[in-house]
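See below for work.cif, which holds mmCIF, C-alpha atoms and all ligand atoms.
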data_data
#
loop_
_atom_site.label_atom_id
_atom_site.label_comp_id
_atom_site.auth_asym_id
_atom_site.auth_seq_id
_atom_site.Cartn_x
_atom_site.Cartn_y
_atom_site.Cartn_z
CA MET A 1 60.69 110.51 80.41
CA PHE A 2 62.23 107.12 81.13
CA ARG A 3 63.85 107.13 77.72
CA LYS A 4 65.28 110.58 78.33
CA LEU A 5 66.72 109.47 81.66
CA ALA A 6 68.17 106.32 80.16
CA LEU A 7 69.77 108.38 77.43
CA ALA A 8 71.20 110.82 79.97
CA ALA A 9 72.60 107.92 81.99
CA ALA A 10 74.17 106.40 78.89
CA LEU A 11 75.69 109.76 77.92
CA SER A 12 77.08 110.34 81.40
CA LEU A 13 78.72 106.92 81.23
CA LEU A 14 80.23 107.78 77.88
CA SER A 15 81.55 111.09 79.16
CA ALA A 16 82.86 109.65 82.43
CA PRO A 17 86.57 110.42 82.70
CA ALA A 18 88.79 107.64 81.40
CA TRP A 19 90.50 107.32 84.78
CA ALA A 20 87.23 106.58 86.56
CA ALA A 21 87.63 102.99 85.43
CA THR A 22 91.27 102.74 86.44
CA GLU A 23 90.89 102.89 90.20
CA TYR A 24 92.90 106.06 90.74
CA LEU A 25 90.80 106.92 93.77
CA VAL A 26 90.49 103.42 95.25
CA PRO A 27 92.53 103.33 98.48
CA PHE A 28 95.34 100.80 98.77
CA PRO A 29 97.23 99.85 101.96
CA ALA A 30 100.33 101.99 102.49
CA HIS A 31 103.35 99.70 102.69
CA HIS A 32 107.10 99.50 103.02
CA VAL A 33 108.70 98.68 99.67
CA ILE A 34 112.42 98.45 100.42
CA GLY A 35 115.12 100.46 102.22
CA ASN A 36 113.70 103.94 102.85
CA ILE A 37 110.96 103.67 100.20
CA TYR A 38 107.24 103.42 101.01
CA PHE A 39 104.18 103.14 98.79
CA VAL A 40 101.57 105.84 99.58
CA GLY A 41 99.47 105.55 96.42
CA THR A 42 96.13 104.03 95.50
CA LYS A 43 95.11 100.93 93.58
CA GLY A 44 95.43 102.75 90.26
CA GLN A 45 98.20 105.29 90.69
CA ALA A 46 101.51 105.17 92.50
CA ASN A 47 102.93 107.74 94.91
CA TYR A 48 106.05 107.02 96.95
CA LEU A 49 107.49 108.42 100.15
CA ILE A 50 111.27 108.30 100.42
CA THR A 51 112.27 109.02 103.99
CA THR A 52 115.49 110.60 105.22
CA PRO A 53 116.74 112.03 108.53
CA LYS A 54 116.38 115.53 106.99
CA GLY A 55 112.74 115.15 105.94
CA ASN A 56 111.03 113.23 103.17
CA ILE A 57 110.74 113.18 99.40
CA LEU A 58 107.31 112.60 97.82
CA LEU A 59 107.33 111.19 94.31
CA ASN A 60 103.99 112.07 92.64
CA SER A 61 101.14 114.03 94.21
CA GLY A 62 98.39 112.15 92.38
CA LEU A 63 95.07 113.86 91.65
CA GLU A 64 93.76 116.64 93.91
CA ALA A 65 91.50 114.03 95.55
CA ASN A 66 94.53 111.82 96.24
CA VAL A 67 96.24 114.39 98.48
CA PRO A 68 94.23 113.61 101.65
CA MET A 69 94.70 109.91 100.86
CA ILE A 70 98.49 110.37 100.62
CA LYS A 71 98.44 112.29 103.91
CA ASP A 72 96.52 109.45 105.52
CA SER A 73 98.94 106.83 104.14
CA ILE A 74 101.98 108.77 105.40
CA GLN A 75 100.44 109.03 108.88
CA LYS A 76 99.57 105.32 108.94
CA LEU A 77 103.22 104.52 108.22
CA GLY A 78 104.24 106.66 111.20
CA PHE A 79 105.70 109.59 109.26
CA LYS A 80 104.62 113.22 109.01
CA TYR A 81 103.10 114.75 105.89
CA SER A 82 104.48 118.11 107.12
CA ASP A 83 108.02 116.66 106.83
CA THR A 84 107.71 116.60 103.02
CA LYS A 85 110.69 118.65 101.80
CA VAL A 86 110.90 117.75 98.11
CA LEU A 87 108.10 116.95 95.65
CA LEU A 88 108.98 115.16 92.40
CA ILE A 89 106.84 113.73 89.58
CA SER A 90 107.06 110.89 87.09
CA HIS A 91 105.60 113.13 84.39
CA ALA A 92 103.26 116.08 83.92
CA HIS A 93 99.90 114.32 83.60
CA PHE A 94 97.01 115.03 85.97
CA ASP A 95 97.16 111.60 87.62
CA HIS A 96 100.67 112.37 88.88
CA ASP A 97 100.73 116.16 89.32
CA ALA A 98 97.21 117.62 89.70
CA GLY A 99 97.54 117.60 93.51
CA ALA A 100 100.98 119.26 93.48
CA ALA A 101 99.73 122.81 94.18
CA GLN A 102 97.90 121.49 97.26
CA VAL A 103 100.94 119.57 98.55
CA VAL A 104 103.10 122.69 98.12
CA LYS A 105 100.51 124.79 99.95
CA ASP A 106 100.13 122.25 102.78
CA THR A 107 103.79 121.45 103.41
CA GLY A 108 105.90 124.22 101.85
CA THR A 109 107.80 121.52 99.95
CA LYS A 110 110.15 122.42 97.14
CA TYR A 111 108.77 121.28 93.76
CA GLU A 112 111.45 120.00 91.37
CA VAL A 113 110.48 119.16 87.78
CA MET A 114 112.26 118.10 84.56
CA ASP A 115 112.84 121.04 82.18
CA SER A 116 110.46 120.01 79.39
CA ASP A 117 107.57 119.35 81.79
CA VAL A 118 107.90 122.66 83.66
CA GLY A 119 105.67 124.62 81.26
CA VAL A 120 102.92 122.00 81.52
CA VAL A 121 103.04 121.94 85.33
CA GLU A 122 103.08 125.75 85.58
CA SER A 123 100.13 126.06 83.16
CA GLY A 124 98.07 123.47 85.03
CA GLY A 125 98.17 121.08 82.08
CA LYS A 126 97.15 123.62 79.41
CA THR A 127 100.36 123.37 77.38
CA ASP A 128 100.45 119.56 77.20
CA PHE A 129 101.03 118.55 73.56
CA ASN A 130 98.22 116.00 73.54
CA TYR A 131 95.75 116.82 76.32
CA GLY A 132 96.20 120.60 76.74
CA ASP A 133 93.11 121.46 74.68
CA GLN A 134 90.98 118.55 75.85
CA GLY A 135 89.82 120.10 79.14
CA GLY A 136 88.22 118.01 81.86
CA GLU A 137 90.54 116.32 84.31
CA ASN A 138 93.55 117.20 82.13
CA ILE A 139 93.41 120.77 83.47
CA TYR A 140 94.24 121.32 87.15
CA PRO A 141 95.63 123.94 89.55
CA ALA A 142 98.94 125.31 88.26
CA ALA A 143 101.95 124.95 90.55
CA LYS A 144 105.16 126.96 90.59
CA VAL A 145 108.35 124.96 90.08
CA ASP A 146 111.18 125.78 92.49
CA ARG A 147 113.94 123.93 90.67
CA VAL A 148 114.17 123.06 86.97
CA LEU A 149 115.86 119.69 86.48
CA HIS A 150 117.87 118.53 83.50
CA ASP A 151 118.71 115.03 82.31
CA GLY A 152 121.13 113.41 84.75
CA ASP A 153 120.55 115.89 87.58
CA THR A 154 120.45 114.57 91.11
CA VAL A 155 118.16 115.40 94.01
CA SER A 156 119.78 114.96 97.41
CA LEU A 157 118.23 115.00 100.86
CA GLY A 158 119.54 113.56 104.13
CA GLY A 159 121.96 111.14 102.47
CA THR A 160 119.53 109.89 99.81
CA VAL A 161 120.40 110.73 96.20
CA LEU A 162 117.92 110.32 93.35
CA THR A 163 118.96 110.64 89.71
CA ALA A 164 116.58 112.12 87.13
CA HIS A 165 116.74 110.32 83.77
CA LYS A 166 114.87 112.14 81.03
CA THR A 167 112.73 109.50 79.30
CA PRO A 168 110.56 111.60 76.97
CA GLY A 169 107.75 110.66 74.58
CA HIS A 170 104.86 110.02 76.94
CA THR A 171 105.40 113.66 77.98
CA LYS A 172 108.23 115.87 76.82
CA GLY A 173 109.83 115.85 80.27
CA CYS A 174 108.84 112.38 81.41
CA THR A 175 111.31 111.32 84.12
CA THR A 176 112.54 107.93 85.26
CA TRP A 177 114.02 108.15 88.73
CA THR A 178 116.73 105.89 90.10
CA LEU A 179 118.38 105.55 93.48
CA LYS A 180 120.36 103.06 95.53
CA VAL A 181 118.93 101.71 98.77
CA ASN A 182 120.43 99.78 101.62
CA ASP A 183 118.40 96.58 101.93
CA GLY A 184 119.65 95.02 105.16
CA GLY A 185 123.28 95.61 104.21
CA LYS A 186 122.86 94.92 100.49
CA ILE A 187 122.91 97.86 98.09
CA ARG A 188 120.10 97.61 95.52
CA ASP A 189 119.40 99.65 92.40
CA VAL A 190 115.84 100.97 92.35
CA VAL A 191 114.01 102.34 89.31
CA PHE A 192 110.74 104.28 89.17
CA VAL A 193 109.73 104.07 85.50
CA GLY A 194 108.25 107.41 84.30
CA SER A 195 106.13 105.89 81.52
CA PRO A 196 107.11 104.11 78.32
CA ASN A 197 103.48 104.04 77.13
CA VAL A 198 102.00 105.38 73.90
CA ASN A 199 98.56 106.57 74.99
CA PRO A 200 95.45 106.14 72.82
CA GLY A 201 95.33 109.03 70.34
CA TYR A 202 99.07 109.81 70.48
CA VAL A 203 100.31 110.97 67.07
CA LEU A 204 103.73 109.42 66.38
CA VAL A 205 104.05 110.47 62.73
CA GLY A 206 103.86 114.16 61.73
CA ASN A 207 102.98 115.43 65.19
CA LYS A 208 102.95 119.23 64.80
CA LYS A 209 102.99 119.92 68.53
CA TYR A 210 105.70 117.33 69.22
CA PRO A 211 107.71 116.72 66.02
CA GLY A 212 110.39 114.59 67.74
CA ILE A 213 108.03 112.29 69.60
CA ALA A 214 109.04 109.02 67.90
CA GLN A 215 112.78 109.73 68.26
CA ASP A 216 112.16 110.59 71.91
CA TYR A 217 110.51 107.20 72.53
CA GLU A 218 113.52 105.57 70.81
CA LYS A 219 115.84 107.43 73.19
CA THR A 220 113.70 106.45 76.15
CA PHE A 221 113.85 102.73 75.39
CA ALA A 222 117.64 102.95 74.97
CA VAL A 223 117.90 104.65 78.39
CA LEU A 224 115.52 102.23 80.11
CA LYS A 225 117.45 99.22 78.74
CA SER A 226 120.74 100.70 79.98
CA LEU A 227 119.74 101.15 83.63
CA PRO A 228 120.93 98.72 86.28
CA VAL A 229 117.77 97.51 88.01
CA ASP A 230 117.13 95.30 91.01
CA VAL A 231 113.92 96.86 92.31
CA PHE A 232 111.24 97.58 89.71
CA LEU A 233 108.73 100.36 90.50
CA GLY A 234 106.81 102.86 88.36
CA ALA A 235 104.25 105.64 88.01
CA HIS A 236 101.36 103.17 88.20
CA GLY A 237 101.29 99.96 90.23
CA ASP A 238 100.16 97.97 87.21
CA TYR A 239 103.56 98.58 85.54
CA TYR A 240 105.15 96.22 88.03
CA GLY A 241 102.25 94.04 89.16
CA MET A 242 101.94 95.87 92.46
CA PRO A 243 98.77 94.27 93.93
CA ALA A 244 100.08 90.71 93.42
CA LYS A 245 103.52 91.67 94.77
CA PHE A 246 101.88 93.28 97.80
CA GLU A 247 100.13 89.97 98.54
CA LYS A 248 103.50 88.19 98.30
CA LEU A 249 105.05 90.79 100.59
CA LYS A 250 102.39 90.09 103.21
CA ALA A 251 103.04 86.36 102.93
CA GLY A 252 106.71 86.94 103.85
CA GLY A 253 109.89 85.58 102.27
CA ALA A 254 112.00 87.31 99.64
CA ASN A 255 111.11 90.90 98.81
CA PRO A 256 108.86 90.60 95.70
CA PHE A 257 109.75 94.11 94.51
CA ILE A 258 113.27 92.85 93.71
CA ASP A 259 112.43 91.82 90.17
CA PRO A 260 115.07 92.51 87.49
CA ALA A 261 113.53 89.90 85.16
CA GLY A 262 110.08 91.49 85.48
CA TYR A 263 111.59 94.87 84.62
CA LYS A 264 113.32 93.50 81.52
CA THR A 265 110.13 91.79 80.31
CA TYR A 266 108.05 94.92 80.93
CA ILE A 267 110.40 97.17 78.95
CA GLU A 268 110.62 94.65 76.08
CA ASN A 269 106.84 94.42 75.99
CA ARG A 270 106.38 98.23 76.00
CA GLU A 271 109.02 98.70 73.30
CA ALA A 272 107.27 96.12 71.12
CA ALA A 273 103.95 97.96 71.64
CA PHE A 274 105.60 101.27 70.64
CA ARG A 275 107.17 99.73 67.51
CA LYS A 276 103.89 98.12 66.48
CA GLU A 277 101.98 101.41 66.86
CA LEU A 278 104.72 103.38 65.06
CA ALA A 279 104.69 100.92 62.13
CA ARG A 280 100.88 101.07 61.99
CA GLN A 281 100.89 104.90 61.85
CA GLN A 282 103.77 104.92 59.33
CA ALA A 283 101.61 102.69 57.12
CA GLY A 284 98.85 105.30 57.24
CA GLY A 285 96.89 103.98 60.23
CA LYS A 286 95.06 106.62 62.25
CA PRO A 287 96.37 107.35 65.78
ZN ZN B 1 100.73 109.72 81.84
#

Let me see the structure of the file written as structure tokens.
Ligand SMILES: [Zn+2]
Amino acid sequence: MFRKLALAAALSLLSAPAWAATEYLVPFPAHHVIGNIYFVGTKGQANYLITTPKGNILLNSGLEANVPMIKDSIQKLGFKYSDTKVLLISHAHFDHDAGAAQVVKDTGTKYEVMDSDVGVVESGGKTDFNYGDQGGENIYPAAKVDRVLHDGDTVSLGGTVLTAHKTPGHTKGCTTWTLKVNDGGKIRDVVFVGSPNVNPGYVLVGNKKYPGIAQDYEKTFAVLKSLPVDVFLGAHGDYYGMPAKFEKLKAGGANPFIDPAGYKTYIENREAAFRKELARQQAGGKP
């Protein structure tokens, strides 16, 4: 009996979702980032509120379980969840879009998604090239897209203009968002990196469901290196060292999120990781 229980416990650990270890559901203090940008995410995944006089933009819905947490964060900052007018995502993976259907239902927000991620979002993850047939947390409530975005499109609300840069590879419609903010009279370039990461199991050579994946990553690194960046943000806080920067923010002084050097180092590091994995697979290594 004991052995059976121990085995069951071991198996349940093995089958625990990968994200369980990554703190997606661990609350993190909502905070002002810069200009009209606020962090309303958790320790492991990043959602942002961009406020305007005409209502607010929410970048990433997180998981379904993150939606009440986002609502709570928005309220703590003194804004209204019901003022969400536009919902955007970094890319169509469950940790950024599984809660989208709920946010749309709650707020009536418009949902605007990059062309090549629309099918994934509207199928609730089922058409994702890598995770679509893996079930589990990869499948979530489908959400209808109100506006299909294309590379270079802009999203405007109440004087704020975000630009959608298609940075594919991680997903086919992975999107890096940029905007300019007024930081006490100084105009700063802000980037929200979509994801430059090659996930475990990603097939870079001979991928039947995504033949152009390696070329897409190449394009993505060229785009990311071309962007003017003062303020470095991304789809997960760990891209930009969020917890440590939050501590610095609390201590006062210069805004720690202004970090062009950190951005440059991060992109160089991610490009090197991509090239290493591509070379390994080209030499016959298994994904
Ligand atoms: Zn992802």

- List all protein, DNA and RNA residues that have at least one atom no more than 8 Å from any atom of ligand ZN 1 (chain B), counting all atoms listed in the file, and write them as a PyMOL selection string. chain A and resi 91-96+170-171+195+197+199

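Among the candidates A:Pro29, A:Gly125, A:Gly136, A:Gly212, the residue lying nearest to Pro168 in chain A is A:Gly212 (atoms considered: only C-alpha atoms).
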
- Message: Could you tell me how far CA of Asn66 in chain A sits from CA of Val145 in chain A, in Å to one decimal place?
- Response: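 CA of Asn66 in chain A lies 20.0 Å from CA of Val145 in chain A.
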
Check which residues of range 110-219 of chain A sit at most 10 Å from range 251-272 of chain A using all atoms listed in the file, and return one row each with the closest pair of atoms and their distance in Å to one decimal, ordered by chain and rising number, as JSON lines.
{"residue": "A:Asp183", "atom": "CA", "partner": "A:Asn255", "partner_atom": "CA", "distance": 9.8}
{"residue": "A:Arg188", "atom": "CA", "partner": "A:Ile258", "partner_atom": "CA", "distance": 8.5}
{"residue": "A:Asp189", "atom": "CA", "partner": "A:Ile258", "partner_atom": "CA", "distance": 9.2}
{"residue": "A:Val190", "atom": "CA", "partner": "A:Ile258", "partner_atom": "CA", "distance": 8.6}
{"residue": "A:Val191", "atom": "CA", "partner": "A:Tyr263", "partner_atom": "CA", "distance": 9.1}
{"residue": "A:Val193", "atom": "CA", "partner": "A:Tyr263", "partner_atom": "CA", "distance": 9.4}
{"residue": "A:Ser195", "atom": "CA", "partner": "A:Arg270", "partner_atom": "CA", "distance": 9.4}
{"residue": "A:Pro196", "atom": "CA", "partner": "A:Arg270", "partner_atom": "CA", "distance": 6.4}
{"residue": "A:Asn197", "atom": "CA", "partner": "A:Arg270", "partner_atom": "CA", "distance": 6.6}
{"residue": "A:Val198", "atom": "CA", "partner": "A:Arg270", "partner_atom": "CA", "distance": 8.6}
{"residue": "A:Tyr217", "atom": "CA", "partner": "A:Glu271", "partner_atom": "CA", "distance": 8.7}
{"residue": "A:Glu218", "atom": "CA", "partner": "A:Glu271", "partner_atom": "CA", "distance": 8.6}

- Query: When distances are computed from only C-alpha atoms, which of A:Leu179, A:Leu162, A:Cys174, A:Val104 shows the smallest separation from Ser82 in chain A?
  - Reply: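 Nearest candidate to Ser82 in chain A out of A:Leu179, A:Leu162, A:Cys174, A:Val104: A:Val104.
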
- Query: Smallest atom-to-atom distance to Tyr239 in chain A: which of A:Thr178, A:Gly194, A:Glu112, A:Lys71, using all atoms listed in the file?
  - Reply: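 The answer is A:Gly194, which sits nearest to Tyr239 in chain A.
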
- Compare A:Pro53, A:Gly35, A:Gly41, A:Gly132 by their minimum atom-to-atom distance to Lys209 in chain A, counting only C-alpha atoms, and give me the closest one.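 The closest residue to Lys209 in chain A is A:Gly132.
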
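CA of Leu59 in chain A is positioned 26.6 Å from CA of Ala214 in chain A.
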
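All residues of protein, DNA or RNA that reach within 12 Å of Pro243 in chain A, judged by all atoms listed in the file and not counting those fewer than 2 positions away in the chain, are Pro27, Phe28, Pro29, Ala30, His31, Phe39, Gly41, Thr42, Lys43, Gly44, Gln45, Ala46, His236, Gly237, Asp238, Tyr239, Tyr240, Gly241, Lys245, Phe246, Glu247, Lys248, Leu249, Lys250, Pro256 and Phe257 of chain A.
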
- Between CA of Asp117 in chain A and CA of Phe79 in chain A, distance in Å (one decimal): 29.2 Å

- Within 8 Å of Val205 in chain A using only C-alpha atoms, minus same-chain residues under 3 positions, as a list in words: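 Residues meeting the cut-off are Pro211, Ala214, Leu278, Gln281 and Gln282 of chain A.
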
Can you tell me, as JSON, the centre and edge lengths (Å, one decimal) of the axis-aligned box enclosing all of range 107-110 of chain A's listed atoms after padding each side by 8 Å?
{"center_x": 107.0, "center_y": 122.8, "center_z": 100.3, "size_x": 22.4, "size_y": 18.8, "size_z": 22.3}

- Message: Please return as a PyMOL selection string every residue within 12 Å of (99.8, 122.5, 100.0), taking into account all atoms listed in the file and the file's own coordinates.
- Response: chain A and resi 61+64+67-68+71+81-82+84-85+87+98-111+141+143-144

- Query: For Leu224 in chain A, which of A:Lys286, A:Lys166, A:Glu277, A:Ala244 is the closest residue, counting all atoms listed in the file?
  - Reply: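 Looking only at the distances to Leu224 in chain A, the closest residue turns out to be A:Lys166.
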
- Message: I need the residue nearest His150 in chain A from this list: A:Ile187, A:Ile70, A:Val121, A:Met114. Use all atoms listed in the file for the distance.
- Response: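 The shortest atom-to-atom distance to His150 in chain A comes from A:Met114.
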
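For Val161 in chain A, the list of residues within 12 Å, based on all atoms listed in the file and with local chain neighbours fewer than 2 positions off taken out, reads Asn36, Ile50, Thr51, Thr52, Asn56, Ile57, Val86, Gly152, Asp153, Thr154, Val155, Ser156, Leu157, Gly158, Gly159, Thr163, Ala164, Trp177, Thr178, Leu179, Lys180, Val181, Asp189 and Val190 of chain A.
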